[in-house]
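Heads up: the structure comes next, in structure tokens.
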Protein chains: 2
Amino acid sequence: MEKIANVAIVGGTHGNEFTGVYLLKKWQHEPSAIKRSSFETSTLWANPRAFGENKRYCDQDLNRQFTRAQLDDPSLAGYEQSRAKVIDATLGPKGDAKCDFLIDLHTTTSNMGPCILLTQEGKIYRQLAAYVKMKMPEAVIFRDEDHLPAAQHHLLSTVGTMGVIVEVGPVSQSVIRQDIFEQSEALTHHILDFIELYNQDALPELPASVEGYRYLESITLPLDESGERLGMVHSNVQDNDFQPIYPGDPLFQTFEGETITYQGDKVVYPAFINEAAYYDNNLAMSLCEKVRIDVDE
Amino acid sequence: MEKIANVAIVGGTHGNEFTGVYLLKKWQHEPSAIKRSSFETSTLWANPRAFGENKRYCDQDLNRQFTRAQLDDPSLAGYEQSRAKVIDATLGPKGDAKCDFLIDLHTTTSNMGPCILLTQEGKIYRQLAAYVKMKMPEAVIFRDEDHLPAAQHHLLSTVGTMGVIVEVGPVSQSVIRQDIFEQSEALTHHILDFIELYNQDALPELPASVEGYRYLESITLPLDESGERLGMVHSNVQDNDFQPIYPGDPLFQTFEGETITYQGDKVVYPAFINEAAYYDNNLAMSLCEKVRIDVDE
């Protein structure tokens, strides 16, 4: 087993997700909080300019710029596209990275609770999932296209040799809520503690398997032919992230007062319901399936 | 009693408050919904450019540009300052307005429920408050500096001879929630119904008095000498808009984990707790006193 020597905590990848930015500021004043004996911890504020402008991003969504092909293409020269190359040079290069384990801090306006998004597969992630569920039973394990090779993933968390996303909500953009702040902090500490125990070959006995959700697809709001919205997420679904939607259940409500039902043929579990950042592509939610994650599969 | 001949419903004064914009779109397709027999109803989309940019405003907060002095100052030439003059020309001029009654639709990220903000005094407002509370007991009546002469008020709602703000939350910026959408719609309908009955001298028997809240002051987050935030709204206060805060109650939590208590000498009632739009001036919340509003005072 190879040890994890370097951990990077990245915050402020999206400029209007304040929680990660203020956690970094806190740890700057109190670096001992994120220190552990068996590895080095560094922090990186990914997008200070977007924070200054109080926007998710200035030119492009920074968290969609990290495929190896994008990083290798100098013609992608927007602010976030450039920033991605700097982050790759600092923590990567992706595929042969200086950073062994990357933790990217995010928040959502959706009622998803404290989540860990797994973007790669492997036993260490299954062990991490089991450890986090043991320490924080309310945490949600979310397999976010972890079947993709890292090189094809466009997420910042895939720059490190290993990496996860901490995603906590609900909190409005540009707002710090104490509950979300503390959940994000606790989740990060559990991940750091896990890495420490992993390095020391001292993991406690873990549950053989834990529950999680696997991303299937994103669905859009009902639109007319010109792309104008015809309706909104149904109130039965609003705030009910990770609660089952059965075929025939209400999904949307048109502005005229009609209900549109779910036409799939199997139960699905929604996430990122009505996430504010998806206003421009009219995404209504992600649909997931419930999965068991066997630590020793 | 003078009749109200013209009512204007204004939406999208803030570009990232989507609910009002989509209510206007709905009523454009279904104008009968906001028609009443005794007056004309018009609609106005106040700030389409800020909506296009998904921002509260482009240059200045549009809802702070409507004192008579600002409107008369041609050197105030920013986008929203110009837009304010156009709105004044369309619905005003303030002080001698074409519009008899203006309803300005807003949302908040704070947990304030369906609110009517009164920005002027007079018996008709007290009757309206009583009527709305009778029809919608969960509605909150909020006296927002209604002692100020209209000419000195900087809010858009004061351009009409009479006017109120419909303010409903919680909803994230750039998001439409079915519950908030329907509450905003219902509140607007109650106001239109009230004006219809008022015009027809057919108001039902109203409660003699109703409960409301009167704005006292805004308070800021704890800051250090350089203006950097030291903490956040305490979780005891978060989401508890209009719930009492007593002297000595927790008010803020520093990032280091210390609790800062309320040092005032009387009970206050908070509103706009952790409103996302106030990120740039570090406002934490408004403080109010609870008041009785006597219809025949």
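FYI, nothing fancy with the structure tokens labels: chains A, B, ... in order, residues from 1 per chain, ligands from 1 as they appear.
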Secondary structure check, alpha helix (DSSP H) residues of range 131-291 of chain B, as an MDAnalysis selection string: chainID B and resid 131:135 178:199
Residues just named, written with C-alpha atoms as a short mmCIF file (atom, residue, chain, number, x, y, z; two decimals), in the first residue's frame:
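The result, written out as again.cif:
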```cif
data_model
loop_
_atom_site.label_atom_id
_atom_site.label_comp_id
_atom_site.auth_asym_id
_atom_site.auth_seq_id
_atom_site.Cartn_x
_atom_site.Cartn_y
_atom_site.Cartn_z
CA TYR B 131 -57.69 42.42 4.77
CA VAL B 132 -54.55 40.49 3.85
CA LYS B 133 -54.18 39.04 7.36
CA MET B 134 -57.84 37.98 7.22
CA LYS B 135 -57.39 36.21 3.87
CA GLN B 178 -43.47 26.40 -6.53
CA ASP B 179 -44.40 27.36 -2.95
CA ILE B 180 -42.88 30.84 -3.18
CA PHE B 181 -44.32 31.36 -6.67
CA GLU B 182 -47.82 30.49 -5.47
CA GLN B 183 -47.57 32.57 -2.30
CA SER B 184 -46.44 35.58 -4.33
CA GLU B 185 -49.32 35.05 -6.74
CA ALA B 186 -51.87 34.63 -3.94
CA LEU B 187 -50.63 37.74 -2.12
CA THR B 188 -50.88 39.80 -5.31
CA HIS B 189 -54.42 38.55 -5.90
CA HIS B 190 -55.43 39.51 -2.36
CA ILE B 191 -54.11 43.03 -2.94
CA LEU B 192 -55.99 43.32 -6.25
CA ASP B 193 -59.16 41.97 -4.62
CA PHE B 194 -58.77 44.47 -1.80
CA ILE B 195 -58.47 47.38 -4.23
CA GLU B 196 -61.57 46.15 -6.09
CA LEU B 197 -63.60 45.97 -2.87
CA TYR B 198 -62.18 49.31 -1.71
CA ASN B 199 -63.25 50.95 -4.97
#
```
Could you pull out the strand (DSSP E) residues of range 173-236 of chain A, going by DSSP on the backbone, and write them as a list of chain:residue names? A:Ser209, A:Val210, A:Glu211, A:Gly212, A:Tyr213, A:Arg214, A:Tyr215, A:Leu216, A:Glu217, A:Ser218, A:Ile219, A:Thr220, A:Gly231, A:Met232, A:Val233
Residues as selected, N, CA, C and O atoms, written as a short mmCIF file (atom, residue, chain, number, x, y, z; two decimals), in the first residue's frame, can you do that?
```cif
data_model
loop_
_atom_site.label_atom_id
_atom_site.label_comp_id
_atom_site.auth_asym_id
_atom_site.auth_seq_id
_atom_site.Cartn_x
_atom_site.Cartn_y
_atom_site.Cartn_z
N SER A 209 -20.58 -2.89 3.86
CA SER A 209 -21.11 -2.14 2.72
C SER A 209 -21.92 -0.96 3.24
O SER A 209 -22.40 -0.97 4.37
N VAL A 210 -22.03 0.07 2.41
CA VAL A 210 -22.82 1.25 2.76
C VAL A 210 -23.69 1.65 1.57
O VAL A 210 -23.43 1.25 0.42
N GLU A 211 -24.72 2.42 1.88
CA GLU A 211 -25.65 2.88 0.84
C GLU A 211 -25.09 4.12 0.16
O GLU A 211 -24.46 4.97 0.79
N GLY A 212 -25.35 4.22 -1.13
CA GLY A 212 -24.96 5.42 -1.85
C GLY A 212 -25.89 5.66 -3.03
O GLY A 212 -26.89 4.94 -3.20
N TYR A 213 -25.58 6.66 -3.81
CA TYR A 213 -26.37 6.99 -4.99
C TYR A 213 -25.42 7.14 -6.17
O TYR A 213 -24.33 7.68 -6.02
N ARG A 214 -25.88 6.67 -7.33
CA ARG A 214 -25.05 6.77 -8.52
C ARG A 214 -25.77 7.63 -9.55
O ARG A 214 -26.94 7.40 -9.88
N TYR A 215 -25.07 8.64 -10.03
CA TYR A 215 -25.62 9.57 -11.02
C TYR A 215 -25.98 8.83 -12.30
O TYR A 215 -25.18 8.07 -12.84
N LEU A 216 -27.21 9.10 -12.80
CA LEU A 216 -27.64 8.51 -14.07
C LEU A 216 -27.70 9.55 -15.18
O LEU A 216 -27.10 9.39 -16.23
N GLU A 217 -28.46 10.62 -14.93
CA GLU A 217 -28.65 11.64 -15.98
C GLU A 217 -29.20 12.91 -15.35
O GLU A 217 -29.73 12.91 -14.25
N SER A 218 -29.07 14.01 -16.11
CA SER A 218 -29.68 15.27 -15.70
C SER A 218 -30.92 15.50 -16.55
O SER A 218 -30.96 15.13 -17.72
N ILE A 219 -31.96 16.07 -15.93
CA ILE A 219 -33.16 16.37 -16.71
C ILE A 219 -33.45 17.86 -16.64
O ILE A 219 -33.11 18.54 -15.67
N THR A 220 -34.06 18.36 -17.72
CA THR A 220 -34.31 19.79 -17.83
C THR A 220 -35.75 20.11 -17.47
O THR A 220 -36.63 19.25 -17.50
N GLY A 231 -42.61 25.72 -16.86
CA GLY A 231 -42.97 25.32 -15.51
C GLY A 231 -41.78 25.23 -14.59
O GLY A 231 -40.68 25.66 -14.94
N MET A 232 -42.03 24.65 -13.43
CA MET A 232 -41.03 24.62 -12.35
C MET A 232 -41.06 23.25 -11.70
O MET A 232 -41.95 22.43 -11.95
N VAL A 233 -40.08 22.99 -10.85
CA VAL A 233 -40.04 21.73 -10.11
C VAL A 233 -41.29 21.64 -9.23
O VAL A 233 -41.66 22.62 -8.57
#
```
Cα-based least-squares overlay of chain B on chain A, as an mmCIF file with C-alpha atoms, in the first residue's frame:
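After the write, result_34.cif holds the following:
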```cif
data_model
loop_
_atom_site.group_PDB
_atom_site.id
_atom_site.type_symbol
_atom_site.label_atom_id
_atom_site.label_comp_id
_atom_site.auth_asym_id
_atom_site.auth_seq_id
_atom_site.Cartn_x
_atom_site.Cartn_y
_atom_site.Cartn_z
ATOM 1 C CA MET B 1 -0.013 -0.002 0.031
ATOM 2 C CA GLU B 2 1.351 3.358 -1.002
ATOM 3 C CA LYS B 3 1.058 6.147 1.529
ATOM 4 C CA ILE B 4 -0.624 9.470 0.873
ATOM 5 C CA ALA B 5 2.069 12.094 1.402
ATOM 6 C CA ASN B 6 0.342 15.275 0.168
ATOM 7 C CA VAL B 7 -3.219 16.421 0.631
ATOM 8 C CA ALA B 8 -4.568 19.621 -0.908
ATOM 9 C CA ILE B 9 -7.783 21.280 0.203
ATOM 10 C CA VAL B 10 -9.227 23.512 -2.506
ATOM 11 C CA GLY B 11 -11.934 26.111 -1.796
ATOM 12 C CA GLY B 12 -13.713 28.797 -3.753
ATOM 13 C CA THR B 13 -13.706 26.892 -7.038
ATOM 14 C CA HIS B 14 -17.035 28.596 -7.563
ATOM 15 C CA GLY B 15 -16.840 32.254 -6.594
ATOM 16 C CA ASN B 16 -20.265 32.522 -4.988
ATOM 17 C CA GLU B 17 -19.889 29.419 -2.794
ATOM 18 C CA PHE B 18 -18.593 31.266 0.254
ATOM 19 C CA THR B 19 -18.325 28.365 2.724
ATOM 20 C CA GLY B 20 -15.120 26.897 1.297
ATOM 21 C CA VAL B 21 -13.514 30.322 1.028
ATOM 22 C CA TYR B 22 -14.175 31.089 4.698
ATOM 23 C CA LEU B 23 -13.050 27.615 5.780
ATOM 24 C CA LEU B 24 -9.729 28.300 4.027
ATOM 25 C CA LYS B 25 -9.495 31.671 5.793
ATOM 26 C CA LYS B 26 -10.188 29.950 9.111
ATOM 27 C CA TRP B 27 -7.498 27.314 8.521
ATOM 28 C CA GLN B 28 -5.036 30.012 7.483
ATOM 29 C CA HIS B 29 -5.355 31.395 11.008
ATOM 30 C CA GLU B 30 -5.389 27.938 12.555
ATOM 31 C CA PRO B 31 -3.280 25.627 10.337
ATOM 32 C CA SER B 32 -3.013 22.976 13.053
ATOM 33 C CA ALA B 33 -6.682 22.107 12.497
ATOM 34 C CA ILE B 34 -5.946 20.476 9.148
ATOM 35 C CA LYS B 35 -2.517 19.050 10.032
ATOM 36 C CA ARG B 36 -2.071 15.331 10.548
ATOM 37 C CA SER B 37 1.127 13.467 11.410
ATOM 38 C CA SER B 38 1.486 11.265 8.335
ATOM 39 C CA PHE B 39 1.061 13.773 5.479
ATOM 40 C CA GLU B 40 1.441 17.407 4.463
ATOM 41 C CA THR B 41 -1.708 19.503 3.993
ATOM 42 C CA SER B 42 -1.831 22.516 1.710
ATOM 43 C CA THR B 43 -4.716 24.799 0.772
ATOM 44 C CA LEU B 44 -5.546 26.550 -2.485
ATOM 45 C CA TRP B 45 -8.121 29.264 -3.209
ATOM 46 C CA ALA B 46 -9.111 28.257 -6.702
ATOM 47 C CA ASN B 47 -10.984 31.278 -8.046
ATOM 48 C CA PRO B 48 -10.493 34.477 -6.009
ATOM 49 C CA ARG B 49 -11.465 36.680 -8.950
ATOM 50 C CA ALA B 50 -14.925 35.114 -9.259
ATOM 51 C CA PHE B 51 -15.323 35.527 -5.479
ATOM 52 C CA GLY B 52 -14.432 39.203 -5.889
ATOM 53 C CA GLU B 53 -17.117 39.499 -8.540
ATOM 54 C CA ASN B 54 -19.557 37.401 -6.479
ATOM 55 C CA LYS B 55 -20.188 35.094 -9.420
ATOM 56 C CA ARG B 56 -19.898 31.362 -9.941
ATOM 57 C CA TYR B 57 -17.310 32.113 -12.616
ATOM 58 C CA CYS B 58 -16.032 34.984 -14.748
ATOM 59 C CA ASP B 59 -15.656 33.374 -18.199
ATOM 60 C CA GLN B 60 -16.274 29.620 -17.870
ATOM 61 C CA ASP B 61 -17.243 27.239 -15.075
ATOM 62 C CA LEU B 62 -13.849 26.397 -13.526
ATOM 63 C CA ASN B 63 -15.100 22.998 -12.433
ATOM 64 C CA ARG B 64 -15.580 21.890 -16.048
ATOM 65 C CA GLN B 65 -12.044 22.632 -17.330
ATOM 66 C CA PHE B 66 -9.940 19.719 -16.181
ATOM 67 C CA THR B 67 -9.912 17.027 -18.849
ATOM 68 C CA ARG B 68 -6.327 16.288 -19.884
ATOM 69 C CA ALA B 69 -7.203 17.469 -23.396
ATOM 70 C CA GLN B 70 -8.521 20.827 -22.123
ATOM 71 C CA LEU B 71 -5.481 21.328 -19.918
ATOM 72 C CA ASP B 72 -3.181 20.606 -22.875
ATOM 73 C CA ASP B 73 -4.954 23.037 -25.207
ATOM 74 C CA PRO B 74 -3.333 26.493 -25.006
ATOM 75 C CA SER B 75 -6.048 27.978 -27.212
ATOM 76 C CA LEU B 76 -8.480 27.643 -24.303
ATOM 77 C CA ALA B 77 -7.455 31.000 -22.901
ATOM 78 C CA GLY B 78 -10.431 32.303 -20.867
ATOM 79 C CA TYR B 79 -9.881 33.276 -17.256
ATOM 80 C CA GLU B 80 -10.988 29.982 -15.732
ATOM 81 C CA GLN B 81 -9.378 27.990 -18.566
ATOM 82 C CA SER B 82 -6.106 29.706 -17.700
ATOM 83 C CA ARG B 83 -6.673 29.265 -13.987
ATOM 84 C CA ALA B 84 -7.225 25.527 -14.563
ATOM 85 C CA LYS B 85 -3.793 25.290 -16.180
ATOM 86 C CA VAL B 86 -2.222 27.073 -13.219
ATOM 87 C CA ILE B 87 -3.934 24.720 -10.782
ATOM 88 C CA ASP B 88 -2.792 21.773 -12.905
ATOM 89 C CA ALA B 89 0.774 23.087 -12.763
ATOM 90 C CA THR B 90 0.495 23.632 -8.981
ATOM 91 C CA LEU B 91 -1.215 20.435 -7.848
ATOM 92 C CA GLY B 92 -0.849 18.215 -10.942
ATOM 93 C CA PRO B 93 0.060 17.662 -13.631
ATOM 94 C CA LYS B 94 -3.020 15.515 -13.873
ATOM 95 C CA GLY B 95 -1.907 11.939 -14.527
ATOM 96 C CA ASP B 96 1.389 12.414 -12.677
ATOM 97 C CA ALA B 97 0.385 14.726 -9.862
ATOM 98 C CA LYS B 98 2.331 16.215 -6.987
ATOM 99 C CA CYS B 99 -0.879 16.145 -4.986
ATOM 100 C CA ASP B 100 -1.783 12.655 -3.822
ATOM 101 C CA PHE B 101 -5.246 13.472 -2.534
ATOM 102 C CA LEU B 102 -7.367 16.515 -3.379
ATOM 103 C CA ILE B 103 -10.431 17.672 -1.451
ATOM 104 C CA ASP B 104 -12.517 20.240 -3.346
ATOM 105 C CA LEU B 105 -15.055 22.157 -1.218
ATOM 106 C CA HIS B 106 -18.423 23.018 -2.721
ATOM 107 C CA THR B 107 -21.910 23.998 -1.643
ATOM 108 C CA THR B 108 -25.289 23.658 -3.294
ATOM 109 C CA THR B 109 -28.592 25.495 -2.973
ATOM 110 C CA SER B 110 -30.287 22.060 -3.034
ATOM 111 C CA ASN B 111 -31.289 20.210 0.122
ATOM 112 C CA MET B 112 -28.644 17.492 -0.287
ATOM 113 C CA GLY B 113 -27.174 17.533 3.214
ATOM 114 C CA PRO B 114 -23.474 16.748 3.668
ATOM 115 C CA CYS B 115 -22.304 14.767 0.608
ATOM 116 C CA ILE B 116 -19.105 13.238 -0.621
ATOM 117 C CA LEU B 117 -18.937 13.050 -4.411
ATOM 118 C CA LEU B 118 -16.711 10.235 -5.625
ATOM 119 C CA THR B 119 -15.299 10.857 -9.079
ATOM 120 C CA GLN B 120 -12.975 7.880 -9.291
ATOM 121 C CA GLU B 121 -13.217 4.175 -8.430
ATOM 122 C CA GLY B 122 -11.031 2.084 -6.178
ATOM 123 C CA LYS B 123 -10.934 0.340 -2.837
ATOM 124 C CA ILE B 124 -9.700 3.411 -0.967
ATOM 125 C CA TYR B 125 -12.835 5.318 -2.017
ATOM 126 C CA ARG B 126 -15.063 2.486 -0.815
ATOM 127 C CA GLN B 127 -13.189 2.445 2.485
ATOM 128 C CA LEU B 128 -13.511 6.217 2.738
ATOM 129 C CA ALA B 129 -17.250 5.979 2.058
ATOM 130 C CA ALA B 130 -17.646 3.373 4.798
ATOM 131 C CA TYR B 131 -15.546 5.402 7.247
ATOM 132 C CA VAL B 132 -17.468 8.622 6.601
ATOM 133 C CA LYS B 133 -20.853 6.890 6.945
ATOM 134 C CA MET B 134 -19.646 5.375 10.231
ATOM 135 C CA LYS B 135 -18.557 8.758 11.614
ATOM 136 C CA MET B 136 -21.365 10.823 10.100
ATOM 137 C CA PRO B 137 -24.400 8.646 9.326
ATOM 138 C CA GLU B 138 -26.289 11.566 7.781
ATOM 139 C CA ALA B 139 -23.594 11.947 5.106
ATOM 140 C CA VAL B 140 -24.525 10.938 1.568
ATOM 141 C CA ILE B 141 -22.168 9.029 -0.724
ATOM 142 C CA PHE B 142 -22.644 10.112 -4.313
ATOM 143 C CA ARG B 143 -20.912 8.255 -7.162
ATOM 144 C CA ASP B 144 -20.506 11.018 -9.752
ATOM 145 C CA GLU B 145 -19.490 9.294 -12.984
ATOM 146 C CA ASP B 146 -16.684 7.530 -11.132
ATOM 147 C CA HIS B 147 -16.498 5.008 -13.982
ATOM 148 C CA LEU B 148 -14.892 7.632 -16.243
ATOM 149 C CA PRO B 149 -11.099 7.575 -16.605
ATOM 150 C CA ALA B 150 -9.667 10.538 -14.699
ATOM 151 C CA ALA B 151 -8.197 12.017 -17.880
ATOM 152 C CA GLN B 152 -11.720 12.410 -19.306
ATOM 153 C CA HIS B 153 -13.166 13.941 -16.139
ATOM 154 C CA HIS B 154 -13.558 17.719 -16.286
ATOM 155 C CA LEU B 155 -13.775 18.229 -12.511
ATOM 156 C CA LEU B 156 -11.053 19.935 -10.494
ATOM 157 C CA SER B 157 -11.006 17.106 -7.944
ATOM 158 C CA THR B 158 -9.499 14.802 -10.588
ATOM 159 C CA VAL B 159 -6.240 16.770 -10.844
ATOM 160 C CA GLY B 160 -4.809 14.987 -7.808
ATOM 161 C CA THR B 161 -3.863 11.322 -8.042
ATOM 162 C CA MET B 162 -6.897 10.782 -5.838
ATOM 163 C CA GLY B 163 -9.621 13.231 -4.973
ATOM 164 C CA VAL B 164 -13.158 13.819 -3.764
ATOM 165 C CA ILE B 165 -15.679 16.650 -3.683
ATOM 166 C CA VAL B 166 -17.262 17.820 -0.458
ATOM 167 C CA GLU B 167 -20.713 19.134 -1.429
ATOM 168 C CA VAL B 168 -23.040 20.461 1.268
ATOM 169 C CA GLY B 169 -26.431 22.177 1.124
ATOM 170 C CA PRO B 170 -28.826 23.820 1.210
ATOM 171 C CA VAL B 171 -27.250 27.254 1.327
ATOM 172 C CA SER B 172 -27.929 30.227 -0.907
ATOM 173 C CA GLN B 173 -25.121 31.468 -3.087
ATOM 174 C CA SER B 174 -23.122 34.262 -1.399
ATOM 175 C CA VAL B 175 -24.270 33.152 2.063
ATOM 176 C CA ILE B 176 -22.533 31.441 4.989
ATOM 177 C CA ARG B 177 -24.827 29.370 7.193
ATOM 178 C CA GLN B 178 -23.451 28.066 10.460
ATOM 179 C CA ASP B 179 -24.925 24.576 9.964
ATOM 180 C CA ILE B 180 -23.520 24.171 6.448
ATOM 181 C CA PHE B 181 -20.177 25.663 7.500
ATOM 182 C CA GLU B 182 -19.855 23.186 10.365
ATOM 183 C CA GLN B 183 -20.969 20.198 8.297
ATOM 184 C CA SER B 184 -18.416 21.061 5.610
ATOM 185 C CA GLU B 185 -15.728 21.394 8.270
ATOM 186 C CA ALA B 186 -16.683 18.125 9.957
ATOM 187 C CA LEU B 187 -16.757 16.235 6.648
ATOM 188 C CA THR B 188 -13.303 17.550 5.740
ATOM 189 C CA HIS B 189 -11.954 16.498 9.132
ATOM 190 C CA HIS B 190 -13.366 12.990 8.682
ATOM 191 C CA ILE B 191 -11.603 12.714 5.328
ATOM 192 C CA LEU B 192 -8.301 13.914 6.817
ATOM 193 C CA ASP B 193 -8.698 11.514 9.750
ATOM 194 C CA PHE B 194 -9.397 8.687 7.328
ATOM 195 C CA ILE B 195 -6.241 9.414 5.343
ATOM 196 C CA GLU B 196 -4.222 9.516 8.576
ATOM 197 C CA LEU B 197 -5.575 6.126 9.685
ATOM 198 C CA TYR B 198 -5.147 4.724 6.170
ATOM 199 C CA ASN B 199 -1.508 5.800 6.127
ATOM 200 C CA GLN B 200 -0.950 4.288 9.560
ATOM 201 C CA ASP B 201 -2.691 1.055 8.519
ATOM 202 C CA ALA B 202 -4.919 1.676 11.504
ATOM 203 C CA LEU B 203 -8.406 1.939 10.025
ATOM 204 C CA PRO B 204 -11.117 0.779 12.411
ATOM 205 C CA GLU B 205 -13.359 -2.115 11.476
ATOM 206 C CA LEU B 206 -15.562 -0.730 8.723
ATOM 207 C CA PRO B 207 -19.089 -1.729 7.739
ATOM 208 C CA ALA B 208 -18.972 -4.316 4.937
ATOM 209 C CA SER B 209 -21.103 -2.139 2.730
ATOM 210 C CA VAL B 210 -22.822 1.244 2.758
ATOM 211 C CA GLU B 211 -25.629 2.870 0.844
ATOM 212 C CA GLY B 212 -24.937 5.417 -1.855
ATOM 213 C CA TYR B 213 -26.374 6.973 -4.980
ATOM 214 C CA ARG B 214 -25.054 6.761 -8.525
ATOM 215 C CA TYR B 215 -25.629 9.560 -11.026
ATOM 216 C CA LEU B 216 -27.648 8.514 -14.061
ATOM 217 C CA GLU B 217 -28.663 11.640 -15.970
ATOM 218 C CA SER B 218 -29.691 15.272 -15.691
ATOM 219 C CA ILE B 219 -33.167 16.367 -16.701
ATOM 220 C CA THR B 220 -34.323 19.786 -17.834
ATOM 221 C CA LEU B 221 -37.337 21.852 -16.932
ATOM 222 C CA PRO B 222 -40.287 21.751 -19.359
ATOM 223 C CA LEU B 223 -39.574 24.233 -22.169
ATOM 224 C CA ASP B 224 -41.519 25.465 -25.173
ATOM 225 C CA GLU B 225 -40.174 25.370 -28.720
ATOM 226 C CA SER B 226 -38.335 28.660 -28.273
ATOM 227 C CA GLY B 227 -36.622 27.440 -25.098
ATOM 228 C CA GLU B 228 -38.871 29.435 -22.765
ATOM 229 C CA ARG B 229 -39.650 27.739 -19.455
ATOM 230 C CA LEU B 230 -43.174 26.377 -19.124
ATOM 231 C CA GLY B 231 -42.976 25.300 -15.514
ATOM 232 C CA MET B 232 -41.021 24.613 -12.357
ATOM 233 C CA VAL B 233 -40.043 21.723 -10.098
ATOM 234 C CA HIS B 234 -43.144 20.313 -8.393
ATOM 235 C CA SER B 235 -43.458 21.093 -4.701
ATOM 236 C CA ASN B 236 -43.646 17.331 -3.960
ATOM 237 C CA VAL B 237 -40.084 17.053 -5.277
ATOM 238 C CA GLN B 238 -38.633 20.383 -4.032
ATOM 239 C CA ASP B 239 -36.232 19.865 -1.088
ATOM 240 C CA ASN B 240 -36.639 16.065 -1.311
ATOM 241 C CA ASP B 241 -33.207 15.260 -2.648
ATOM 242 C CA PHE B 242 -32.457 11.510 -2.454
ATOM 243 C CA GLN B 243 -36.142 10.665 -1.828
ATOM 244 C CA PRO B 244 -37.607 8.178 -4.326
ATOM 245 C CA ILE B 245 -39.558 9.288 -7.381
ATOM 246 C CA TYR B 246 -41.748 6.515 -8.779
ATOM 247 C CA PRO B 247 -43.101 6.297 -12.332
ATOM 248 C CA GLY B 248 -46.191 8.509 -12.468
ATOM 249 C CA ASP B 249 -45.160 10.733 -9.542
ATOM 250 C CA PRO B 250 -45.458 14.525 -9.964
ATOM 251 C CA LEU B 251 -42.221 16.023 -11.274
ATOM 252 C CA PHE B 252 -43.020 19.504 -12.608
ATOM 253 C CA GLN B 253 -45.810 22.037 -12.273
ATOM 254 C CA THR B 254 -46.493 24.308 -15.233
ATOM 255 C CA PHE B 255 -47.050 27.994 -14.568
ATOM 256 C CA GLU B 256 -50.601 27.424 -15.808
ATOM 257 C CA GLY B 257 -51.169 24.956 -12.970
ATOM 258 C CA GLU B 258 -50.822 21.577 -14.662
ATOM 259 C CA THR B 259 -48.822 18.701 -13.207
ATOM 260 C CA ILE B 260 -46.267 16.832 -15.322
ATOM 261 C CA THR B 261 -45.435 13.364 -14.015
ATOM 262 C CA TYR B 262 -42.284 11.269 -14.176
ATOM 263 C CA GLN B 263 -42.465 9.023 -17.223
ATOM 264 C CA GLY B 264 -39.503 6.722 -16.509
ATOM 265 C CA ASP B 265 -40.013 3.018 -15.906
ATOM 266 C CA LYS B 266 -38.107 2.612 -12.640
ATOM 267 C CA VAL B 267 -37.678 4.379 -9.331
ATOM 268 C CA VAL B 268 -35.060 7.138 -9.319
ATOM 269 C CA TYR B 269 -33.550 9.352 -6.620
ATOM 270 C CA PRO B 270 -33.126 13.063 -7.403
ATOM 271 C CA ALA B 271 -30.198 15.299 -6.427
ATOM 272 C CA PHE B 272 -29.273 18.911 -7.145
ATOM 273 C CA ILE B 273 -32.997 19.683 -7.245
ATOM 274 C CA ASN B 274 -33.489 23.271 -8.422
ATOM 275 C CA GLU B 275 -29.792 24.111 -7.954
ATOM 276 C CA ALA B 276 -29.466 27.849 -8.606
ATOM 277 C CA ALA B 277 -26.261 27.500 -10.628
ATOM 278 C CA TYR B 278 -28.117 25.599 -13.334
ATOM 279 C CA TYR B 279 -30.435 28.489 -14.204
ATOM 280 C CA ASP B 280 -28.774 29.048 -17.582
ATOM 281 C CA ASN B 281 -29.087 25.525 -18.951
ATOM 282 C CA ASN B 282 -32.552 24.953 -17.431
ATOM 283 C CA LEU B 283 -31.448 21.817 -15.559
ATOM 284 C CA ALA B 284 -34.139 20.775 -13.091
ATOM 285 C CA MET B 285 -32.252 18.041 -11.220
ATOM 286 C CA SER B 286 -29.980 15.004 -11.497
ATOM 287 C CA LEU B 287 -31.490 11.546 -11.343
ATOM 288 C CA CYS B 288 -29.660 8.753 -9.519
ATOM 289 C CA GLU B 289 -30.078 5.117 -8.663
ATOM 290 C CA LYS B 290 -29.582 3.823 -5.151
ATOM 291 C CA VAL B 291 -26.570 1.502 -4.878
ATOM 292 C CA ARG B 292 -24.806 -0.624 -2.292
ATOM 293 C CA ILE B 293 -21.099 0.045 -2.053
ATOM 294 C CA ASP B 294 -19.277 -3.104 -0.923
ATOM 295 C CA VAL B 295 -15.961 -2.179 0.628
ATOM 296 C CA ASP B 296 -14.341 -5.456 -0.541
ATOM 297 C CA GLU B 297 -16.177 -5.850 -3.831
#
```
